[in-house]
Amino acid sequence: MRTLITVDQNASTPLTQQVYNAWRHGILQQRFFGGQRVPSSRELAQSLGIARSTVTTAYEQLIAEGYLVTKQGAGTFVCSNLPMHNLPKRRATLATRSRALAPAIPLSDFGRQLQSDNHIRPQPKGWIDFSHWDPDLTQFPFALWKQLLQQQLRRLGGSNNPLLLDYSSHAAGYWPLRCEVAKYLARTRAVVCKPEQVLITNGSQQGLDLTARVLLNANDKVLIENPCYSGARQVFAATGAKLLPAAIDEQGLRCDYSGKDVRLLFVTPSHQFPLGVSMSLARRLELLHYAKQRNTVIVEDDYDSEFRYHGPPLPALQGLSDDVAIVYCGTFSKVMFPALRIGYLVVPDSLVPVLTQAKWLADRYTPLLEQAALTEFMAAGHLERHVRRMRKLYGARREALVTAFQQHFGAAAVISGIDAGMHALVQLKDNMLLARAEQAKVKLRPAAQSYLGKAPPHQYLFGFSSLSERVIKEGIKRIG
Ligand SMILES: Cc1ncc(COP(=O)(O)O)c(C=O)c1O
């Protein structure tokens, strides 16, 4: 047992008093918390190497004074509602102490970069939030998902399947899921791959991170879309690579950089993030030619391509070429729910071992229970059914957004990038917009933070997937 308190057998203070003092101080200093179970007198006496009666006497005193309580049949606990007037003082001391320590901790270059490029913001409560990355979680079939998890729990558990519970077999992902993902991508995205090329990651963010780490050295050149998904930009920058911004026009990313030394190129061809442009076939072929000439690895982030509102989804770039190295990256965060934390990479054969090793080093592997449940979810056709349903729902919300803008802003709002995906890009020349939104409790997302360098003014992302048509209309009315 881990010893929670210590005593000094050679000290002049009696042992009973030492045990009493240790618990009392620990409780007052909030090292021990209300409701926390304390070890039995036998356990504590054994771990400290002292007589049980010494502990019992100290416990009796602590119980008498109200620091500890006993619950019949359950044990002894720290009292949950201690009326201690010195607690706020202690809390204040802790806060001052941590503030005083914080500046003294030196950060790495990576750490410093993250301090100035931090996008984690608490969700505003009671506001209308036009979030551009959330699916509608109320529509996910969680009852079915729970059933699948329970089924898998019964199947995977214990001695009937020990192989599934060991350490080393799953770094690249749960094999049946890798097979399902390969079939799904062939069917829906025209991706050409074997299951061996599919690696399961904790969301596509980890896929991008591992790819950056195994392919990039400091000062390597990386061509990224500008504007660009900040999560990608940050992981590439973290390696010390030099980021070269590539402009986007109505056909997608432009390969204007003529140098030969581009190590990696990051692109979202199906639905450019954040502008929403779908890359034309001509530009795709140009891009492949560009990468081939330079031996550049293309990282294709296909994060929300399932939601295309006119015609079938555009095939992935990955399937168009077999002589350019493409790392294809996808996620279940948008088509299912982000907390699932399952994404995938499809990589050339030669990268499978090194990326598997990188995943192993990062966090061993992605939890198996969810992978196994997801395999069943896909194999039984639930995923594609859910995507079809969401496409219809998001399509109606997208219409509602466009109509609301027409109604409240007319020609002043220029909407683009909504053939696919979960958000629209809206150009709104209105200097008072942010202030008005703040006052009306509407959370807006300026596109500026996605740009490397100077951003054009008045661009906003309006996510429509997680809001009902009624709330969308209300939100636009409030800022109109
Ligand atoms: C363009 C793009 N790529 C990748 C991701 C990462 O998603 P996840 O790590 O949840 O799979 C996001 C998240 O919003 C995104 O917007």
# chains A, B, ... in the order shown; residues from 1 in each chain; ligands from 1
call {"tool": "residues_near_ligand", "arguments": {"ligand": "ligand 1", "cutoff": "7 Å", "atoms": "only C-alpha atoms and all ligand atoms", "output": "ChimeraX atom specification"}}
result
/A:133,202-206,229,231,273,301,303,330-333,338,341-343
call {"tool": "residues_around", "arguments": {"residues": "Ser466 of chain A", "least_positions_apart": "5", "cutoff": "12 Å", "atoms": "only C-alpha atoms", "output": "list in words"}}
result
Ile128, Asp129, Phe130, Ser131, His132, Trp133, Asp134, Pro135, Asp136, Leu137, Thr138, Gln139, Phe140, Lys334, Phe337, Met390, Leu393, Tyr394, Gly395, Arg397, Arg398, Met422, His423, Val471 and Ile472 of chain A
call {"tool": "residues_around", "arguments": {"residues": "segment 297-299 of chain A", "least_positions_apart": "3", "cutoff": "12 Å", "atoms": "only C-alpha atoms", "output": "PyMOL selection string"}}
result
chain A and resi 204+207-212+214-216+221-225+232+236+261-269+284+287-294+302-303+316-318+321+323-330+345-348+351
call {"tool": "residues_around", "arguments": {"residues": "Ala379 of chain A", "least_positions_apart": "3", "cutoff": "7 Å", "atoms": "only C-alpha atoms", "output": "PDB file with C-alpha atoms, in the first residue's frame"}}
result
ATOM      1  CA  GLU A 180     -13.193  -2.126 -42.557  1.00  0.00           C
ATOM      2  CA  THR A 375     -15.711  -2.173 -36.644  1.00  0.00           C
ATOM      3  CA  GLU A 376     -19.197  -3.566 -35.995  1.00  0.00           C
TER       4      GLU A 376
END
call {"tool": "residues_around", "arguments": {"residues": "Leu461 of chain A", "least_positions_apart": "3", "cutoff": "6 Å", "atoms": "only C-alpha atoms", "output": "MDAnalysis selection string"}}
result
chainID A and resid 424:425 445 447
call {"tool": "residues_around", "arguments": {"residues": "segment 76-78 of chain A", "least_positions_apart": "4", "cutoff": "12 Å", "atoms": "only C-alpha atoms", "output": "PyMOL selection string"}}
result
chain A and resi 23-24+26-28+30-41+56+59-60+62-63+65-72+82
call {"tool": "select_by_dssp", "arguments": {"residues": "segment 3-220 of chain A", "states": "helix (DSSP H, G or I)", "output": "PyMOL selection string"}}
result
chain A and resi 15-28+41-48+52-64+87-104+109-116+137-139+142-156+158-160+162-165+175-189+195-197+203-215
call {"tool": "write_last_selection", "arguments": {"atoms": "C-alpha atoms", "output": "compact mmCIF listing (two decimals), in the first residue's frame"}}
result
# COMPACT_ATOMS: atom_id res chain seq x y z
CA LEU A 15 3.60 7.95 17.64
CA THR A 16 -0.14 8.38 18.34
CA GLN A 17 0.34 12.14 18.27
CA GLN A 18 2.35 11.91 15.02
CA VAL A 19 -0.39 9.91 13.28
CA TYR A 20 -3.04 12.32 14.54
CA ASN A 21 -0.99 15.38 13.44
CA ALA A 22 -0.25 13.93 9.98
CA TRP A 23 -3.95 13.38 9.19
CA ARG A 24 -5.09 16.62 10.75
CA HIS A 25 -2.53 18.74 8.85
CA GLY A 26 -3.12 16.83 5.63
CA ILE A 27 -6.86 17.55 5.87
CA LEU A 28 -6.42 21.22 6.77
CA SER A 41 -6.08 0.90 11.16
CA ARG A 42 -4.64 -2.52 10.35
CA GLU A 43 -3.43 -1.46 6.86
CA LEU A 44 -1.90 1.79 8.11
CA ALA A 45 -0.23 0.16 11.11
CA GLN A 46 1.26 -2.49 8.85
CA SER A 47 2.58 -0.02 6.27
CA LEU A 48 4.11 2.25 8.95
CA ARG A 52 -2.38 -1.14 15.45
CA SER A 53 -3.56 0.27 18.77
CA THR A 54 -1.44 3.42 18.12
CA VAL A 55 -3.36 4.06 14.92
CA THR A 56 -6.71 3.19 16.50
CA THR A 57 -6.19 5.74 19.28
CA ALA A 58 -5.25 8.47 16.78
CA TYR A 59 -8.26 7.61 14.57
CA GLU A 60 -10.62 7.74 17.56
CA GLN A 61 -9.40 11.24 18.37
CA LEU A 62 -9.79 12.38 14.72
CA ILE A 63 -13.32 10.92 14.62
CA ALA A 64 -14.20 12.59 17.91
CA LEU A 87 -9.56 26.80 4.14
CA PRO A 88 -10.05 29.88 1.94
CA LYS A 89 -6.78 31.23 3.32
CA ARG A 90 -5.05 28.05 2.31
CA ARG A 91 -6.60 28.18 -1.16
CA ALA A 92 -5.35 31.70 -1.59
CA THR A 93 -1.88 30.59 -0.55
CA LEU A 94 -1.95 27.81 -3.15
CA ALA A 95 -3.01 30.21 -5.90
CA THR A 96 -0.29 32.72 -4.99
CA ARG A 97 2.26 29.96 -4.82
CA SER A 98 1.46 28.55 -8.28
CA ARG A 99 1.44 32.06 -9.77
CA ALA A 100 4.81 32.76 -8.26
CA LEU A 101 6.26 29.53 -9.64
CA ALA A 102 4.87 29.76 -13.19
CA PRO A 103 7.21 32.30 -14.80
CA ALA A 104 10.28 30.52 -13.50
CA ASP A 109 10.85 26.42 -28.46
CA PHE A 110 7.79 24.24 -29.01
CA GLY A 111 6.28 25.25 -25.67
CA ARG A 112 6.84 28.95 -26.36
CA GLN A 113 5.24 28.59 -29.78
CA LEU A 114 2.16 26.99 -28.23
CA GLN A 115 1.85 29.79 -25.70
CA SER A 116 1.41 32.32 -28.47
CA LEU A 137 -24.19 15.14 -31.18
CA THR A 138 -27.89 14.92 -30.34
CA GLN A 139 -28.45 12.98 -33.57
CA PHE A 142 -25.85 6.54 -28.79
CA ALA A 143 -28.21 3.76 -27.63
CA LEU A 144 -26.98 1.58 -30.49
CA TRP A 145 -23.39 2.60 -29.79
CA LYS A 146 -23.79 1.59 -26.14
CA GLN A 147 -25.13 -1.81 -27.21
CA LEU A 148 -22.14 -2.35 -29.49
CA LEU A 149 -19.72 -1.37 -26.74
CA GLN A 150 -21.41 -3.77 -24.33
CA GLN A 151 -21.29 -6.59 -26.89
CA GLN A 152 -17.60 -5.97 -27.43
CA LEU A 153 -16.94 -5.76 -23.72
CA ARG A 154 -18.41 -9.24 -23.29
CA ARG A 155 -16.50 -10.59 -26.27
CA LEU A 156 -13.10 -9.00 -25.62
CA GLY A 158 -10.83 -11.67 -19.76
CA SER A 159 -9.27 -15.02 -20.39
CA ASN A 160 -11.35 -16.00 -23.44
CA PRO A 162 -6.13 -12.67 -23.84
CA LEU A 163 -4.40 -11.71 -27.09
CA LEU A 164 -6.69 -8.71 -27.43
CA LEU A 165 -5.66 -7.43 -24.04
CA TRP A 175 -6.82 -5.44 -37.55
CA PRO A 176 -10.57 -5.91 -38.32
CA LEU A 177 -11.01 -2.12 -38.13
CA ARG A 178 -8.10 -1.55 -40.50
CA CYS A 179 -9.85 -3.94 -42.95
CA GLU A 180 -13.19 -2.13 -42.56
CA VAL A 181 -11.62 1.31 -43.05
CA ALA A 182 -9.82 0.14 -46.21
CA LYS A 183 -13.12 -1.16 -47.67
CA TYR A 184 -15.02 1.98 -46.62
CA LEU A 185 -12.46 4.32 -48.19
CA ALA A 186 -12.36 2.32 -51.41
CA ARG A 187 -16.16 2.45 -51.60
CA THR A 188 -16.78 6.05 -50.61
CA ARG A 189 -13.57 7.94 -51.39
CA PRO A 195 -5.63 -2.86 -44.96
CA GLU A 196 -1.90 -3.08 -44.11
CA GLN A 197 -1.53 0.53 -45.22
CA GLY A 203 -8.10 11.35 -34.25
CA SER A 204 -6.60 12.70 -37.44
CA GLN A 205 -4.73 15.27 -35.34
CA GLN A 206 -2.45 12.52 -34.09
CA GLY A 207 -2.07 11.24 -37.65
CA LEU A 208 -0.80 14.67 -38.70
CA ASP A 209 1.47 14.90 -35.68
CA LEU A 210 3.09 11.48 -36.25
CA THR A 211 3.51 12.19 -39.96
CA ALA A 212 5.24 15.50 -39.24
CA ARG A 213 7.56 13.86 -36.76
CA VAL A 214 8.72 11.01 -38.96
CA LEU A 215 9.10 13.07 -42.15
call {"tool": "select_by_dssp", "arguments": {"residues": "segment 254-392 of chain A", "states": "strand (DSSP E)", "output": "list in words"}}
result
Val262, Arg263, Leu264, Leu265, Phe266, Val267, Val297, Ile298, Val299, Glu300, Asp301, Ile326, Val327, Tyr328, Cys329, Gly330, Thr331, Gly343, Tyr344, Leu345 and Val346 of chain A
call {"tool": "residues_around", "arguments": {"residues": "segment 449-456 of chain A", "least_positions_apart": "2", "cutoff": "6 Å", "atoms": "only C-alpha atoms", "output": "list in words"}}
result
Asn226, Pro227, Cys228, Ser230 and Ala447 of chain A
call {"tool": "closest_residue", "arguments": {"among": "A:Gln459, A:Thr201, A:Ser278, A:Ser350", "to": "Ala362 of chain A", "atoms": "only C-alpha atoms"}}
result
A:Thr201
call {"tool": "closest_residue", "arguments": {"among": "A:Ser169, A:Ser465, A:Gly417, A:Trp360", "to": "Gly252 of chain A", "atoms": "only C-alpha atoms"}}
result
A:Gly417
call {"tool": "atom_distance", "arguments": {"atom1": "atom CA of Ala246 of chain A", "atom2": "atom CA of Val402 of chain A"}}
result
29.1 Å
call {"tool": "closest_residue", "arguments": {"among": "A:Phe405, A:Trp127, A:Tyr167, A:Phe462", "to": "Arg364 of chain A", "atoms": "only C-alpha atoms"}}
result
A:Tyr167
call {"tool": "atom_distance", "arguments": {"atom1": "atom CA of Ala411 of chain A", "atom2": "atom CA of Arg478 of chain A"}}
result
17.7 Å
call {"tool": "closest_residue", "arguments": {"among": "A:Glu384, A:Glu469, A:Asp166, A:Glu438", "to": "Glu399 of chain A", "atoms": "only C-alpha atoms"}}
result
A:Glu469
call {"tool": "closest_residue", "arguments": {"among": "A:Ala190, A:Leu285, A:Ile476, A:Ala412", "to": "Asp430 of chain A", "atoms": "only C-alpha atoms"}}
result
A:Ala412
call {"tool": "closest_residue", "arguments": {"among": "A:Asn219, A:Met378, A:Leu320, A:Val354", "to": "Ala282 of chain A", "atoms": "only C-alpha atoms"}}
result
A:Leu320
